[in-house]
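What follows is the content of entry.cif, which has mmCIF, C-alpha atoms:
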data_model
loop_
_atom_site.label_atom_id
_atom_site.label_comp_id
_atom_site.auth_asym_id
_atom_site.auth_seq_id
_atom_site.Cartn_x
_atom_site.Cartn_y
_atom_site.Cartn_z
CA MET A 136 42.93 117.13 80.80
CA SER A 137 45.90 114.78 80.62
CA ARG A 138 47.54 117.23 78.24
CA TRP A 139 47.26 119.96 80.90
CA ALA A 140 48.69 117.63 83.53
CA LEU A 141 51.66 116.99 81.28
CA VAL A 142 52.20 120.73 80.68
CA VAL A 143 52.07 121.39 84.43
CA ALA A 144 54.51 118.56 85.16
CA VAL A 145 56.99 119.87 82.57
CA ALA A 146 56.66 123.41 83.94
CA VAL A 147 57.25 122.26 87.51
CA ALA A 148 60.30 120.23 86.44
CA GLY A 149 61.68 123.21 84.49
CA LEU A 150 61.17 125.63 87.37
CA SER A 151 62.75 123.29 89.89
CA ALA A 152 65.88 123.12 87.71
CA CYS A 153 66.12 126.93 87.86
CA THR A 154 66.20 127.27 91.64
CA GLY A 155 69.78 128.51 91.62
CA GLU A 156 71.03 125.72 93.84
CA GLU A 157 74.43 124.48 92.84
CA GLU A 158 74.74 120.87 91.96
CA PRO A 159 77.90 119.03 92.91
CA VAL A 160 80.50 119.16 90.18
CA ALA A 161 82.25 115.91 89.46
CA ALA A 162 85.96 116.25 90.02
CA GLY A 163 88.32 115.16 87.31
CA PRO A 164 90.28 111.99 87.75
CA SER A 165 92.73 112.14 90.60
CA PRO A 166 96.37 112.06 89.60
CA PRO A 167 97.94 108.62 89.75
CA PRO A 168 100.01 107.90 92.84
CA GLN A 169 103.71 108.52 92.50
CA VAL A 170 105.77 105.41 91.86
CA LEU A 171 108.82 106.82 93.67
CA LEU A 172 109.14 107.21 97.40
CA ASP A 173 109.17 110.58 99.13
CA ALA A 174 111.93 111.29 101.64
CA ALA A 175 109.46 111.11 104.53
CA GLN A 176 108.64 107.48 103.65
CA LEU A 177 112.20 106.24 104.21
CA PRO A 178 113.00 104.75 107.59
CA GLY A 179 116.16 105.69 109.44
CA GLY A 180 116.14 109.33 108.35
CA PRO A 181 115.83 112.15 108.20
CA TRP A 182 116.38 111.91 104.45
CA THR A 183 116.25 114.56 101.77
CA ALA A 184 115.40 113.88 98.14
CA GLY A 185 118.14 114.76 95.71
CA THR A 186 118.24 114.06 92.00
CA THR A 187 115.01 112.74 90.48
CA GLY A 188 114.55 111.67 86.89
CA ASP A 189 112.51 109.87 84.26
CA THR A 190 114.38 108.33 81.31
CA ARG A 191 114.89 105.21 79.24
CA TRP A 192 116.98 102.34 80.62
CA ALA A 193 119.58 102.89 77.88
CA ASP A 194 119.98 106.52 78.99
CA LEU A 195 120.16 105.87 82.74
CA ASP A 196 123.31 107.26 84.37
CA ALA A 197 125.84 104.43 84.72
CA ALA A 198 126.15 105.08 88.47
CA LEU A 199 122.48 104.12 88.89
CA VAL A 200 122.54 100.93 86.79
CA PRO A 201 122.28 97.98 89.21
CA CYS A 202 125.56 96.04 89.34
CA GLY A 203 126.69 98.08 86.35
CA LYS A 204 124.81 95.64 84.09
CA ARG A 205 122.75 97.26 81.33
CA THR A 206 121.54 93.83 80.17
CA ILE A 207 119.15 93.60 83.13
CA ALA A 208 116.37 95.48 81.30
CA PRO A 209 115.53 96.33 77.68
CA ALA A 210 117.01 99.57 76.37
CA ASP A 211 113.59 101.18 75.84
CA ALA A 212 112.18 100.33 79.30
CA ARG A 213 111.01 103.38 81.25
CA VAL A 214 113.03 104.21 84.35
CA ARG A 215 112.20 106.62 87.13
CA PHE A 216 114.79 107.24 89.80
CA ARG A 217 115.45 109.29 92.90
CA VAL A 218 118.54 109.67 95.07
CA PHE A 219 118.15 110.33 98.80
CA GLU A 220 120.74 111.70 101.19
CA ALA A 221 120.89 111.65 104.97
CA ALA A 222 122.55 114.25 107.19
CA GLY A 223 125.28 111.78 108.14
CA GLY A 224 126.37 111.44 104.52
CA ALA A 225 124.53 108.19 103.73
CA SER A 226 123.01 107.92 100.28
CA VAL A 227 120.29 105.65 98.90
CA SER A 228 119.07 105.46 95.33
CA GLU A 229 115.75 104.09 94.12
CA VAL A 230 115.38 102.92 90.52
CA VAL A 231 111.96 101.83 89.23
CA VAL A 232 111.83 100.06 85.86
CA SER A 233 108.55 99.65 83.96
CA GLY A 234 107.54 98.71 80.44
CA THR A 235 109.05 95.24 80.78
CA ASP A 236 108.11 91.85 82.20
CA ALA A 237 108.92 92.56 85.85
CA VAL A 238 109.40 88.91 86.82
CA GLN A 239 111.81 88.24 83.95
CA THR A 240 113.70 91.45 84.71
CA PHE A 241 113.90 90.40 88.37
CA LYS A 242 115.40 87.07 87.25
CA ARG A 243 117.87 88.85 84.96
CA PHE A 244 118.92 91.02 87.91
CA TYR A 245 119.84 87.82 89.79
CA ALA A 246 121.66 86.28 86.82
CA GLU A 247 123.57 89.42 85.79
CA CYS A 248 124.47 90.58 89.27
CA SER A 249 125.81 87.18 90.30
CA SER A 250 128.93 87.99 88.28
CA ALA A 251 129.33 91.33 90.08
CA GLY A 252 128.95 90.14 93.67
CA LYS A 253 127.28 87.64 95.93
CA VAL A 254 123.54 87.42 95.22
CA GLU A 255 121.20 86.14 97.88
CA SER A 256 117.50 85.44 97.43
CA ARG A 257 115.33 86.41 100.37
CA PRO A 258 111.65 86.08 101.19
CA GLY A 259 109.53 88.85 99.79
CA PRO A 260 110.84 87.93 97.20
CA ALA A 261 113.99 90.00 97.07
CA ASN A 262 117.40 89.55 95.50
CA VAL A 263 120.23 91.11 97.47
CA VAL A 264 123.68 91.85 96.06
CA VAL A 265 126.57 93.01 98.22
CA ARG A 266 129.42 94.67 96.32
CA GLY A 267 132.02 96.18 98.59
CA ASP A 268 130.26 98.69 100.85
CA THR A 269 127.18 98.92 98.58
CA THR A 270 124.14 96.72 98.85
CA GLU A 271 121.54 96.52 96.07
CA ILE A 272 118.13 95.05 96.75
CA ALA A 273 115.79 94.17 93.88
CA VAL A 274 112.09 93.66 94.48
CA PHE A 275 109.19 93.65 92.05
CA THR A 276 105.49 94.21 91.63
CA GLU A 277 103.27 93.09 88.80
CA ASP A 278 104.39 96.08 86.70
CA HIS A 279 107.73 97.24 88.10
CA LEU A 280 111.23 96.15 89.04
CA ILE A 281 112.47 98.26 91.92
CA VAL A 282 116.13 98.40 92.95
CA VAL A 283 117.31 100.29 96.02
CA SER A 284 121.04 100.77 96.47
CA GLY A 285 123.10 102.12 99.33
CA SER A 286 124.37 101.03 102.69
CA GLY A 287 122.94 100.67 106.15
CA ASP A 288 120.59 98.54 108.13
CA ASP A 289 117.44 100.23 106.80
CA LEU A 290 117.94 99.23 103.17
CA ALA A 291 115.65 96.16 103.36
CA ALA A 292 112.88 98.27 104.92
CA ILE A 293 113.38 100.90 102.19
CA GLY A 294 113.04 98.15 99.58
CA ASP A 295 109.78 97.00 101.15
CA ALA A 296 108.47 100.59 101.26
CA ALA A 297 109.47 101.08 97.61
CA ARG A 298 107.64 97.90 96.57
CA ALA A 299 104.49 99.01 98.42
CA GLN A 300 104.65 102.48 96.82
CA ALA A 301 105.12 101.04 93.31
CA ALA A 302 102.25 98.59 93.85
CA LYS A 303 99.95 101.50 94.81
CA ALA A 304 100.95 103.35 91.67
CA GLY A 305 99.99 100.36 89.55
#
Structure rendered as structure tokens:
Amino acid sequence: MSRWALVVAVAVAGLSACTGEEEPVAAGPSPPPQVLLDAAQLPGGPWTAGTTGDTRWADLDAALVPCGKRTIAPADARVRFRVFEAAGGASVSEVVVSGTDAVQTFKRFYAECSSAGKVESRPGPANVVVRGDTTEIAVFTEDHLIVVSGSGDDLAAIGDAARAQAAKAG
């Protein structure tokens, strides 16, 4: 009789699997968060996103290299960048460097940029360089060095937003 009970139990289990009810399908992994800011995340706008790219540090356009100093990061470090423009003609660039020791790269930013302008360390931590009418602010996360460049009062807030975005991206 126990054999019949087993046959009945298997039959019931088999029939219940064939009821036609859909089972939830596991979604694939969600895409990783973007490391770069979107125009809507920048204070003081409205901003529009312009040029965006992904390259090696050695291949980064010279206009985007902080303080014009290529020695800040290793040549093979990965760089993602985006340039934003405001209706009034203001421009801000965001450069995110990964594939390097972010703390050491942050320190090299301070050392290298001190020859290009006045460097000031601020809480956050942040290194701020003022060169003429351009300000460059370097911040970092565990995995990224982020440099925002431009002019205006909102640059520090943009740097903070960029650090938060990069931290989310991991």
Which residues of range 191-279 of chain A sit at most 12 Å from range 283-301 of chain A, using all atoms listed in the file? Give each one's shortest atom pair and distance in Å (one decimal place), in chain and ascending residue order, as CSV.
residue,atom,partner,partner_atom,distance
A:Ala198,CA,A:Ser284,CA,10.4
A:Leu199,CA,A:Ser284,CA,8.4
A:Val200,CA,A:Ser284,CA,9.8
A:Pro201,CA,A:Ser284,CA,7.9
A:Cys202,CA,A:Ser284,CA,9.7
A:Gly203,CA,A:Ser284,CA,11.9
A:Arg215,CA,A:Ala301,CA,10.9
A:Phe216,CA,A:Val283,CA,9.7
A:Arg217,CA,A:Val283,CA,9.7
A:Val218,CA,A:Ser284,CA,9.3
A:Phe219,CA,A:Gly285,CA,9.6
A:Glu220,CA,A:Gly285,CA,10.0
A:Ala221,CA,A:Gly287,CA,11.2
A:Gly223,CA,A:Gly287,CA,11.5
A:Gly224,CA,A:Ser286,CA,10.8
A:Ala225,CA,A:Ser286,CA,7.2
A:Ser226,CA,A:Gly285,CA,5.9
A:Val227,CA,A:Gly285,CA,4.5
A:Ser228,CA,A:Ser284,CA,5.2
A:Glu229,CA,A:Val283,CA,4.5
A:Val230,CA,A:Val283,CA,6.4
A:Val231,CA,A:Ala301,CA,8.0
A:Val232,CA,A:Ala301,CA,10.1
A:Ser233,CA,A:Ala301,CA,10.1
A:Ala237,CA,A:Ala301,CA,11.9
A:Arg257,CA,A:Ala291,CA,10.2
A:Pro258,CA,A:Ala291,CA,11.1
A:Gly259,CA,A:Asp295,CA,8.3
A:Pro260,CA,A:Asp295,CA,9.9
A:Ala261,CA,A:Gly294,CA,8.6
A:Asn262,CA,A:Ala291,CA,10.4
A:Val263,CA,A:Ala291,CA,9.0
A:Val264,CA,A:Ser284,CA,9.3
A:Val265,CA,A:Ser286,CA,9.4
A:Arg266,CA,A:Gly285,CA,10.2
A:Gly267,CA,A:Ser286,CA,9.9
A:Asp268,CA,A:Ser286,CA,6.6
A:Thr269,CA,A:Gly285,CA,5.2
A:Thr270,CA,A:Gly285,CA,5.5
A:Glu271,CA,A:Ser284,CA,4.3
A:Ile272,CA,A:Val283,CA,5.4
A:Ala273,CA,A:Val283,CA,6.7
A:Val274,CA,A:Arg298,CA,6.5
A:Phe275,CA,A:Arg298,CA,6.4
A:Thr276,CA,A:Arg298,CA,6.5
A:Glu277,CA,A:Ala301,CA,9.3
A:Asp278,CA,A:Ala301,CA,8.3
A:His279,CA,A:Ala301,CA,7.0
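Closest approach to Trp192 in chain A among A:Gln239, A:Gln169, A:Thr206, A:Ser250: A:Thr206, based on all atoms listed in the file.
The residue that comes closest to Ala302 in chain A, out of A:Val238, A:Ile281, A:Leu195, A:Ala212 and on the basis of all atoms listed in the file, is A:Ile281.
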I'd like the box whose edges run along x, y and z of the file and which contains every listed atom of range 222-230 of chain A, padded by 5 Å per side; could you state its centre and edge lengths in Å, one decimal, as JSON?
{"center_x": 120.9, "center_y": 108.6, "center_z": 99.3, "size_x": 21.0, "size_y": 21.3, "size_z": 27.6}
Computed gap from CA of Ala222 in chain A to CA of Val170 in chain A is 24.4 Å
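Nearest residue to Asp196 in chain A among A:Thr183, A:Ala208, A:Val214, A:Cys248 is A:Val214, counting only C-alpha atoms.
Evaluated on this file, the PyMOL selection byres ((chain A and resi 174) around 7) matches Leu172, Asp173, Ala175, Gln176, Leu177, Trp182, Thr183, Ala184 and Phe219 of chain A.
Note that the spacing between CA of Ile207 in chain A and CA of Gly180 in chain A amounts to 29.9 Å.
Of the listed residues (A:Lys242, A:Lys253, A:Lys303, A:Arg213), A:Arg213 comes nearest to Asp189 in chain A; the distances count all atoms listed in the file.
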The distance between CA of Glu247 in chain A and CA of Pro178 in chain A is 28.7 Å
Can I get all heavy atoms for range 207-222 of chain A, as an mmCIF file, in the first residue's frame?
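File part-v6.cif, as written:
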data_model
loop_
_atom_site.group_PDB
_atom_site.id
_atom_site.type_symbol
_atom_site.label_atom_id
_atom_site.label_comp_id
_atom_site.auth_asym_id
_atom_site.auth_seq_id
_atom_site.Cartn_x
_atom_site.Cartn_y
_atom_site.Cartn_z
ATOM 1 N N ILE A 207 49.103 62.507 -13.945
ATOM 2 C CA ILE A 207 48.182 62.301 -12.820
ATOM 3 C C ILE A 207 47.753 60.839 -12.721
ATOM 4 O O ILE A 207 47.626 60.299 -11.627
ATOM 5 C CB ILE A 207 46.958 63.231 -12.938
ATOM 6 C CG1 ILE A 207 47.385 64.679 -12.722
ATOM 7 C CG2 ILE A 207 45.855 62.837 -11.964
ATOM 8 C CD1 ILE A 207 46.309 65.709 -12.992
ATOM 9 N N ALA A 208 47.520 60.194 -13.855
ATOM 10 C CA ALA A 208 47.031 58.806 -13.854
ATOM 11 C C ALA A 208 47.873 57.969 -14.813
ATOM 12 O O ALA A 208 48.488 58.505 -15.740
ATOM 13 C CB ALA A 208 45.560 58.764 -14.268
ATOM 14 N N PRO A 209 47.870 56.642 -14.608
ATOM 15 C CA PRO A 209 48.592 55.768 -15.539
ATOM 16 C C PRO A 209 47.980 55.811 -16.936
ATOM 17 O O PRO A 209 46.769 56.006 -17.094
ATOM 18 C CB PRO A 209 48.427 54.372 -14.932
ATOM 19 C CG PRO A 209 47.976 54.583 -13.531
ATOM 20 C CD PRO A 209 47.293 55.911 -13.488
ATOM 21 N N ALA A 210 48.802 55.618 -17.935
ATOM 22 C CA ALA A 210 48.359 55.706 -19.334
ATOM 23 C C ALA A 210 47.225 54.747 -19.655
ATOM 24 O O ALA A 210 46.342 55.068 -20.454
ATOM 25 C CB ALA A 210 49.542 55.451 -20.269
ATOM 26 N N ASP A 211 47.192 53.570 -19.027
ATOM 27 C CA ASP A 211 46.171 52.579 -19.368
ATOM 28 C C ASP A 211 44.925 52.654 -18.484
ATOM 29 O O ASP A 211 44.024 51.836 -18.615
ATOM 30 C CB ASP A 211 46.756 51.167 -19.329
ATOM 31 C CG ASP A 211 47.286 50.796 -17.950
ATOM 32 O OD1 ASP A 211 47.512 51.699 -17.123
ATOM 33 O OD2 ASP A 211 47.470 49.592 -17.694
ATOM 34 N N ALA A 212 44.835 53.647 -17.604
ATOM 35 C CA ALA A 212 43.640 53.799 -16.760
ATOM 36 C C ALA A 212 42.437 54.107 -17.648
ATOM 37 O O ALA A 212 42.540 54.820 -18.646
ATOM 38 C CB ALA A 212 43.843 54.924 -15.748
ATOM 39 N N ARG A 213 41.287 53.556 -17.271
ATOM 40 C CA ARG A 213 40.053 53.798 -18.018
ATOM 41 C C ARG A 213 39.488 55.156 -17.635
ATOM 42 O O ARG A 213 39.454 55.526 -16.465
ATOM 43 C CB ARG A 213 39.027 52.716 -17.698
ATOM 44 C CG ARG A 213 37.740 52.889 -18.453
ATOM 45 C CD ARG A 213 36.753 51.807 -18.148
ATOM 46 N NE ARG A 213 35.550 51.977 -18.934
ATOM 47 C CZ ARG A 213 34.434 51.324 -18.702
ATOM 48 N NH1 ARG A 213 34.376 50.440 -17.732
ATOM 49 N NH2 ARG A 213 33.375 51.539 -19.445
ATOM 50 N N VAL A 214 39.038 55.892 -18.637
ATOM 51 C CA VAL A 214 38.465 57.225 -18.414
ATOM 52 C C VAL A 214 37.127 57.315 -19.121
ATOM 53 O O VAL A 214 37.005 56.986 -20.290
ATOM 54 C CB VAL A 214 39.392 58.335 -18.958
ATOM 55 C CG1 VAL A 214 38.759 59.700 -18.737
ATOM 56 C CG2 VAL A 214 40.748 58.268 -18.320
ATOM 57 N N ARG A 215 36.117 57.754 -18.382
ATOM 58 C CA ARG A 215 34.836 58.095 -18.979
ATOM 59 C C ARG A 215 34.636 59.581 -18.750
ATOM 60 O O ARG A 215 34.986 60.097 -17.695
ATOM 61 C CB ARG A 215 33.727 57.267 -18.348
ATOM 62 C CG ARG A 215 33.773 55.843 -18.917
ATOM 63 C CD ARG A 215 33.120 54.844 -18.069
ATOM 64 N NE ARG A 215 33.950 54.614 -16.888
ATOM 65 C CZ ARG A 215 33.672 53.743 -15.965
ATOM 66 N NH1 ARG A 215 32.592 53.025 -16.042
ATOM 67 N NH2 ARG A 215 34.461 53.577 -14.927
ATOM 68 N N PHE A 216 34.086 60.245 -19.736
ATOM 69 C CA PHE A 216 33.925 61.696 -19.605
ATOM 70 C C PHE A 216 32.640 62.147 -20.268
ATOM 71 O O PHE A 216 32.091 61.489 -21.141
ATOM 72 C CB PHE A 216 35.127 62.439 -20.214
ATOM 73 C CG PHE A 216 35.280 62.236 -21.694
ATOM 74 C CD1 PHE A 216 34.655 63.093 -22.588
ATOM 75 C CD2 PHE A 216 36.027 61.186 -22.182
ATOM 76 C CE1 PHE A 216 34.791 62.901 -23.955
ATOM 77 C CE2 PHE A 216 36.171 60.983 -23.551
ATOM 78 C CZ PHE A 216 35.550 61.843 -24.437
ATOM 79 N N ARG A 217 32.184 63.313 -19.812
ATOM 80 C CA ARG A 217 31.005 63.944 -20.400
ATOM 81 C C ARG A 217 31.165 65.451 -20.245
ATOM 82 O O ARG A 217 31.632 65.927 -19.214
ATOM 83 C CB ARG A 217 29.729 63.472 -19.698
ATOM 84 C CG ARG A 217 28.464 64.037 -20.330
ATOM 85 C CD ARG A 217 27.215 63.327 -19.830
ATOM 86 N NE ARG A 217 27.184 61.998 -20.418
ATOM 87 C CZ ARG A 217 26.586 60.939 -19.844
ATOM 88 N NH1 ARG A 217 25.993 61.062 -18.684
ATOM 89 N NH2 ARG A 217 26.597 59.770 -20.441
ATOM 90 N N VAL A 218 30.770 66.179 -21.260
ATOM 91 C CA VAL A 218 30.812 67.641 -21.234
ATOM 92 C C VAL A 218 29.364 68.132 -21.222
ATOM 93 O O VAL A 218 28.537 67.660 -21.997
ATOM 94 C CB VAL A 218 31.577 68.203 -22.453
ATOM 95 C CG1 VAL A 218 31.552 69.723 -22.445
ATOM 96 C CG2 VAL A 218 33.009 67.671 -22.468
ATOM 97 N N PHE A 219 29.080 69.069 -20.335
ATOM 98 C CA PHE A 219 27.739 69.642 -20.208
ATOM 99 C C PHE A 219 27.793 71.111 -20.598
ATOM 100 O O PHE A 219 28.784 71.790 -20.359
ATOM 101 C CB PHE A 219 27.249 69.537 -18.764
ATOM 102 C CG PHE A 219 27.167 68.128 -18.253
ATOM 103 C CD1 PHE A 219 28.216 67.578 -17.539
ATOM 104 C CD2 PHE A 219 26.049 67.357 -18.491
ATOM 105 C CE1 PHE A 219 28.151 66.284 -17.060
ATOM 106 C CE2 PHE A 219 25.970 66.059 -18.020
ATOM 107 C CZ PHE A 219 27.026 65.521 -17.302
ATOM 108 N N GLU A 220 26.691 71.584 -21.171
ATOM 109 C CA GLU A 220 26.600 72.987 -21.555
ATOM 110 C C GLU A 220 25.286 73.561 -21.056
ATOM 111 O O GLU A 220 24.258 72.881 -21.079
ATOM 112 C CB GLU A 220 26.702 73.111 -23.074
ATOM 113 C CG GLU A 220 28.048 72.646 -23.597
ATOM 114 C CD GLU A 220 28.069 72.429 -25.096
ATOM 115 O OE1 GLU A 220 27.034 72.622 -25.752
ATOM 116 O OE2 GLU A 220 29.139 72.063 -25.586
ATOM 117 N N ALA A 221 25.346 74.806 -20.614
ATOM 118 C CA ALA A 221 24.152 75.513 -20.159
ATOM 119 C C ALA A 221 23.757 76.529 -21.221
ATOM 120 O O ALA A 221 24.567 76.916 -22.065
ATOM 121 C CB ALA A 221 24.421 76.214 -18.828
ATOM 122 N N ALA A 222 22.514 76.956 -21.167
ATOM 123 C CA ALA A 222 21.991 77.895 -22.164
ATOM 124 C C ALA A 222 22.786 79.195 -22.189
ATOM 125 O O ALA A 222 22.963 79.800 -23.237
ATOM 126 C CB ALA A 222 20.521 78.182 -21.887
#
